[in-house]
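First the structure, in the form of structure tokens, and then the observations on it.
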Amino acid sequence: MAEEKLLEAISEDEKIIQEVTGQKYKYGFVTDIESDKAPKGLNEDIIRMISAKKQEPEFMLEYRLRAFKHWQKMKEPNWAHVQYPPIDFQDIHYYAAPKQKPQLNSLDEVDPELLKTFEKLGIPLQEQKMLAGVAVDAVVDSVSIKTTYKEKLAEKGIIFCSFSEALQEHPELVRKYMGTVVPHTDNFYAALNAAVFTDGSFVYIPEGVRCPMELSTYFRINEQNTGQFERTLIVAEAGSYVSYPEGCTAPQRDENQLHAAVVELVAMDNAEIKYSTVQNWYPGDPETGKGGIYNFVTKRGICKGRNSKISWTQVETGSAITWKYPSVILKGDNSEGEFYSVAVTNGRQQADTGTKMIHIGKNTRSVIISKGISAGKSQNSYRGLVRMMKGAENARNFSQCDSMLIGNQCGAHTFPYIEVGNPTAKVEHEATTSKIGEDQIFYCNQRGIDTEKAVGLIVNGYCREVLNQLPMEFAVEAQKLLSISLEGSVG
Amino acid sequence: MAIQTNTGTDIKEAFIRAFAPEAPNGQPIAPAVKESAAAALQALQFPHKKNEAWKYTPVQPLVSKAYIPAEATEPEDISPFLIPELEADVLVYINGKFSSAHSQIQHNKQLCIESLRQLSSQGKAVVEAHFGKLLNKDDIFAALNTAYAKDGTLVYVPKGTVAAAPIHIIQLTLPGQAACSLQHRNLFVVEPLAEAKVVESFYSLSTVPSLRNAGTEIFVGENAGLEYVKLQLEQHTASQIDHTEVSQARHSRFSIFTITLNGDTVRNDLQIHLDGTETETHLMGIYLLSGKQHVDNYTQILHKQPHCYSNELYKGIVADQATAAFSGKIHVFQQAQKTNAFQSNRNILLSKSANAYTRPQLEIYADDVKCSHGATTGKLEEDAMFYLRSRGIPEKQARKMLIHAFAGEVVEQISLEAVRTYLESLIASRYE
Amino acid sequence: MLKIDQLHAAIEGKEILKGFSLEVKPGEVHAIMGPNGSGKSTLASVLAGKEDYEVTSGSVSFNGKDLLEMEPDQRAGEGLFLAFQYPVEIPGVSMVNFLRTAVNAVREYRGQEPLSAGAFLKLMKEKKHMVDLDSDLTKRSVNEGFSGGEKKRNEIFQMAMLDPKLVILDETDSGLDIDALRIVADAVNKLRNEERSFIVITHYQRLLDYIVPDHVHVLHQGKIVKSGGKELALELEEKGYDWLKEGALGV
């Protein structure tokens with residue numbers, strides 16, 4: 001019965017709502033683990049040091065150096081609808097690793113301090129969570145601590161490991177695909193990442209294999225003044241499928257932290273990759289905006305094969321500044337790209353996010369559903385490009401961009417770019433901007449629901465289409481984050 | 001039989017003469033309104049094809065035929081035109097003229113249901129108060145109808161009265177010697193807190209072309225309700241230009257179903273004024289076309305007051321070389337905050353040379369409203385068709401099922417069960 | 001149960017209620033009628049605690065407590081239910097979710113255990129039947145795309161779910177046809193008992209043929225100018241409100 005299903009979902013809602021109490025940033029704490037860190041600043045020596053520390057193959061160092069040279073010639077982009085003081089790239093530590101080099105077989109061997117941290121964050125690293133089918137590759141300050149379920153995945157020929165490990169054990173695969181979707185010349189931050197990235201995740205799904213579980217990675221930024229440069233590469237061979245949820249939380253800090261990740265996805269014939277993100281980094285002080293994360297990410301996938309599909313789902317509630325456009329290059333005929341996004345900004349947050357759908361192949365289809373919510377004194381922009389190339393016969397796109405305003409000191413902006421080079425291609429765009437209604441809140445109040453709960457209910461309803469795209473556990477966390485990040489924004 | 005065609009500058013004159021054999025004075029109803037409409041007619045022109053409102057329907061071929069007024073033929077057996085199982089008060093019009101012999105008004109004693117030619121003193125008073133208040137002289141066809149239509153139906157539902165039975169109006173066109181012209185005019189007045197249902201069905205038995213210029217004015221009073229089902233079931237020789245204009249007062253409810261299953265060229269102009277707050281309106285339509293049929297539904301809903309709800313759904317299937325046009329204007333006035341307006345037009349094309357034109361127009365001047373429109377044009381779902389056939393259902397049967405399902409979304413909203421059943425059987429045999 | 005004493009309330013500086021007084025005892029049904037702009041809906045909003053209205057003086061006690069001191073959700077918890085004149089749409093939030101949240105919030109306020117999923121579904125089924133509500137409506141988003149009549153019936157359904165002590169029906173009969181009106185009235189009559197009271201705000205005497213009131217009051221320029229039994233409503237229906245304007249009031 002459909003209603004019972006609904007109810008199950010509601011019970012989850014309820015739990016979430018109950019958990020939403022404290023006004024302070026819940027994940028604002030600092031773990032005390034000694035770091036092995038590089039001196040501040042960036043030069044060739046630092047890059048050589050990173051590469052040497054990680055005992056990388058020669059080609060990797062060469063690649064890094066090429067990227068660095070290119071980066072030095074580039075300028076920081078300024079076209080996004082965001083404002084922040086200039087970043088001193090020489091005032092950042094480009095490498096940090098927990099001192100206790102772990103080679104662990106069980107949780108007992110993990111630094112107890114770290115385990116506590118995980119617990120506070122609610123990261124499902126405990127056994128019972130694993131049994132729930134989540135293999136976790138937890139990354140703290142760039143070095144992979146533990147990878148679970150590796151054997152089970154290995155049975156199917158799936159490779160799921162840290163990027164450093166992949167460089168040691170599968171250099172040929174890394175070499176073949178790395179930089180093919182996001183070349184080191186792509187943009188300022190992608191180039192920086194290519195030069196200095198320290199770790200990340202690598203996933204390879206062989207032909208015809210359906211990955212039996214959600215592959216998760218939890219990221220945290222922990223070390224003060226440490227730029228975080230993650231690199232993720234997922235390759236899905238013909239006829240394979242993988243769902244990869246990525247979640248982030250970061251502790252409270254006074255100084256801005258830079259995060260410039262690169263994610264590359266490659267889908268071959270009939271392959272499907274589902275990539276979900278819940279992003280909850282520290283947004284900065286709600287009054288001054290001080291201390292929040294700068295999140296400048298390049299995420300791109302290529303539907304290389306026929307009938308392949310790449311789907312991005314993101315719930316962005318954190319970071320002081322978000323600059324992020326998960327994109328899909330639809331190269332194979334009949335391939336499909338999807339982008340489902342919720343971006344919430346509150347306090348002094350600024351988000352400029354959206355997607356690019358580049359249609360190259362015939363009968364390619366893409367869907368964009370974007371829900372922006374702005375509260376406080378925040379600025380929230382959707383920026384999306386839909387490009388129909390000459391050969392994109394009968395290609396189709398549907399875009400829907402909705403913005404919701406809470407209060408009257410925030411801004412919502414929509415910048416759609418539509419470029420159609422093929423007369424048979426069809427592009428549809430819809431956009432709405434609405435205000436969270438006082439009458440909606442009053443209606444809930446009159447039914448006995450307090451204002452805080454009412455806002456959660458209304459906002460979650462507004463985002464329903466996107467939240468439905470997330471894996472179950474993730475959806476719960478996402479709803480929780482939505483409510484937390486909008487606390488105190490109404491009345 | 002060859003049909004004569006008029007040419008040159010006298011087209012309009014000849015056309016008017018065909019529809020207006022008598023002078024407007026000496027008419028039994030609202031002479032002043034009629035005379036002023038006749039005067040206005042002089043200055044009005046037929047809509048040019050550049051006229052946006054008539055973009056999809058060429059007027060010239062329709063108006064240049066040499067029509068002669070349809071004669072009142074002796075009526076025959078009308079039982080084939082009754083709707084089975086429908087307990088209703090029945091009014092029958094033969095070639096536009098009321099036939100008291102075939103009409104039977106027995107259920108609704110409290111209502112005033114009359115032919116415009118035979119008004120009681122109460123009926124007269126209602127007509128004097130309402131005639132021409134909505135449908136008047138801005139449009140050449142509406143003006144022609146206002147000035148010269150001689151017969152039609154008055155339905156008056158007094159305050160607080162819930163009609164005991166539906167009212168069924170049958171409009172029958174019988175064979176004439178040449179292309180014939182017909183007119184009729186309806187006036188429905190539903191007073192506050194009253195409720196009624198009207199079904200009007202059109203049939204023709206004529207093999208020569210005919211053109212009916214119809215006009216209907218409807219006033220739905222405060223917290224009153226009216227459901228109006230229009231069944232256009234004429235033969236392929238019969239054309240119709242219809243103007244229906246409605247005014248809704250506060251808290252009122254109005255539903256109209258425009259069902260076009262047959263006919264030659266059919267143009268339905270529907271305009272609804274939401275003159276009071278918190279009204280509810282449903283505009284529903286089905287058209288199932290074939291041959292060279294041409295059907296143009298031109299609808300306008302004017303949201304003038306806050307908190308009104310309107311829901312428009314027109315669905316059509318177009319076969320052969322037929323053409324369907326749908327224009328739906330939703331006009332939300334500045335003060336009409338909290339308007340809720342939905343519109344949807346869905347077409348299925350059964351052949352490559354079939355045409356469907358959809359033109360939603362949203363004109364919104366208020367900032368706190370919810371309006372949406374959607375339009376699709378496509379083929380009958382091939383997957384569904386294949387699925388049904390793979391289960392052993394023959395193609396013809398499968399097609400019938402899918403068409404039934406497609407039209408069902410509209411049909412099931414009709415509250416009169418007998419009408420639903422009747423319509424379902426007509427739809428089922430439509431593409432046989 | 002409810003005692004309103006010399007209530008004055010204003011919106012955007014404009015005074016609408018000008019010394020409104022009314023006492024409602026448990027089990028009573030009071031009808032309030034009056035011309036447009038007399039303050040009928042303002043009264044409903046003020047009692048429910050809508051922020052836009054400012055109470056400038058007067059008092060309202062509800063079961064011995066100061067109603068005006070309470071937040072809107074507390075008032076709901078105390079047992080005050082308002083059937084809205086314009087029910088609000090909340091896209092994406094299913095009726096089931098909304099009602100479950102509301103029912104359990106109110107239960108929590110009253111110190112009751114939350115309802116289990118099974119018990120809630122059972123209750124919903126029972127009440128849906130009572131108001132003859134299309135079962136499809138509870139799966140849809142709150143009021144979204146509902147027609148006028150559906151919205152009004154949905155209000156009555158929520159009333160039945162939340163087990164209130166005092167119900168204010170704000171023009172719930174407006175826009176309903178006779179069949180829907182009967183359903184609404186039936187549901188109200190089923191919920192009528194010695195404890196539960198109703199304030200019925202309406203334009204149309206017809207509703208009172210079905211929900212027979214104990215008292216009828218005429219509201220004019222922000223206060224009650226005439227009270228009587230149910231026959232007063234008939235008189236109003238006949239005479240309209242023009243007599244109010246002549247100032248020949250026997251207050």
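Each chain of the structure tokens is named A, B, ... in the order shown, its residues numbered from 1; ligands are numbered from 1 in display order.
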* Using only C-alpha atoms, find which residues of chain C lie within 7 Å of chain A and jot them down as an MDAnalysis selection string. => chainID C and resid 48 50 72:74 76:77 81 88 90:93 97 102 105:106 117
* To do: Identify every residue of chain C that has at least one atom within 7 Å of any atom of chain B, counting only C-alpha atoms, and report the result as a PyMOL selection string.
  => chain C and resi 147-148+174-175+177
So that I have them on file, write out the residues from the current selection with N, CA and C atoms, as an mmCIF file, in the first residue's frame.
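Final output, saved to result.cif:
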```cif
data_model
loop_
_atom_site.group_PDB
_atom_site.id
_atom_site.type_symbol
_atom_site.label_atom_id
_atom_site.label_comp_id
_atom_site.auth_asym_id
_atom_site.auth_seq_id
_atom_site.Cartn_x
_atom_site.Cartn_y
_atom_site.Cartn_z
ATOM 1 N N SER C 147 -9.637 21.310 -6.108
ATOM 2 C CA SER C 147 -10.651 22.283 -6.476
ATOM 3 C C SER C 147 -11.191 22.899 -5.194
ATOM 4 N N GLY C 148 -11.968 23.954 -5.352
ATOM 5 C CA GLY C 148 -12.495 24.666 -4.188
ATOM 6 C C GLY C 148 -13.216 23.735 -3.221
ATOM 7 N N SER C 174 -18.905 28.284 1.554
ATOM 8 C CA SER C 174 -18.840 29.079 0.319
ATOM 9 C C SER C 174 -18.332 28.234 -0.828
ATOM 10 N N GLY C 175 -19.007 28.288 -1.943
ATOM 11 C CA GLY C 175 -18.559 27.578 -3.132
ATOM 12 C C GLY C 175 -18.906 26.102 -3.148
ATOM 13 N N ASP C 177 -21.532 22.977 -3.569
ATOM 14 C CA ASP C 177 -22.860 22.659 -4.070
ATOM 15 C C ASP C 177 -23.623 21.915 -2.976
#
```
Sort by chain and increasing residue number a table of all residues of chain B within 12 Å of chain A, each with its closest pair of atoms and their distance in Å to one decimal, counting only C-alpha atoms, and write it as CSV.
```
residue,atom,partner,partner_atom,distance
B:Lys338,CA,A:Asp439,CA,11.7
B:Asp367,CA,A:Ser434,CA,9.9
B:Asp368,CA,A:Ser434,CA,8.8
B:Val369,CA,A:Ser434,CA,10.2
B:Lys370,CA,A:Thr432,CA,10.4
B:Cys371,CA,A:Thr432,CA,11.1
B:Ser372,CA,A:Glu430,CA,10.9
B:His373,CA,A:Glu430,CA,11.5
B:Gly374,CA,A:Glu430,CA,11.7
```
* **For Ser290 (chain B): contacts at 9 Å, only C-alpha atoms, fewer than 3 positions along chain excluded, given as a VMD selection string** => chain B and resid 262 293 to 294 317 to 323 354 431
* **Residue contacts of region 364-366 of chain B (7 Å, only C-alpha atoms) excluding same-chain residues fewer than 4 positions away, as JSON, numbers by chain** => {"B": [331, 332, 333, 334, 335, 336, 337]}
* To do: Check the DSSP output for the backbone and give back, as number ranges by chain, the residues of region 211-343 of chain A in strand (DSSP E or B).
  => A: 214-220, 226, 228, 230-236, 241-249, 257-259, 262-267, 272-280, 293-303, 309-316, 321-324, 327-330, 336-343
* Looking only at the backbone, which of the residues in region 120-231 of chain B does DSSP tag as alpha helix (DSSP H), as JSON, numbers by chain? -> {"B": [121, 122, 123, 124, 125, 126, 127, 128, 129, 130, 140, 141, 142, 143, 144, 145, 146, 147, 148]}
* Non-local contacts of Gly222 (chain C) (7 Å; only C-alpha atoms; under 5 positions in same chain excluded) as a ChimeraX atom specification -> /C:16-20,38-39
* Excluding region 118-126 of chain B and residues on its chain fewer than 3 positions from it, collect all residues at most 9 Å away from it, counting only C-alpha atoms, and give them as a list of chain:residue names. => B:Pro28, B:Ile29, B:Ala30, B:Cys112, B:Ile113, B:Glu114, B:Ser115, B:Ala129, B:His130, B:Phe131, B:Asp151, B:Leu154, B:Val155, B:Tyr156, B:Val189
* **All residues 8 Å or closer to region 43-58 of chain A, only C-alpha atoms, same chain fewer than 3 positions away omitted, as a ChimeraX atom specification** => /A:38,61-62,64-65,68,94-95,164,167-168,171,195-196,198
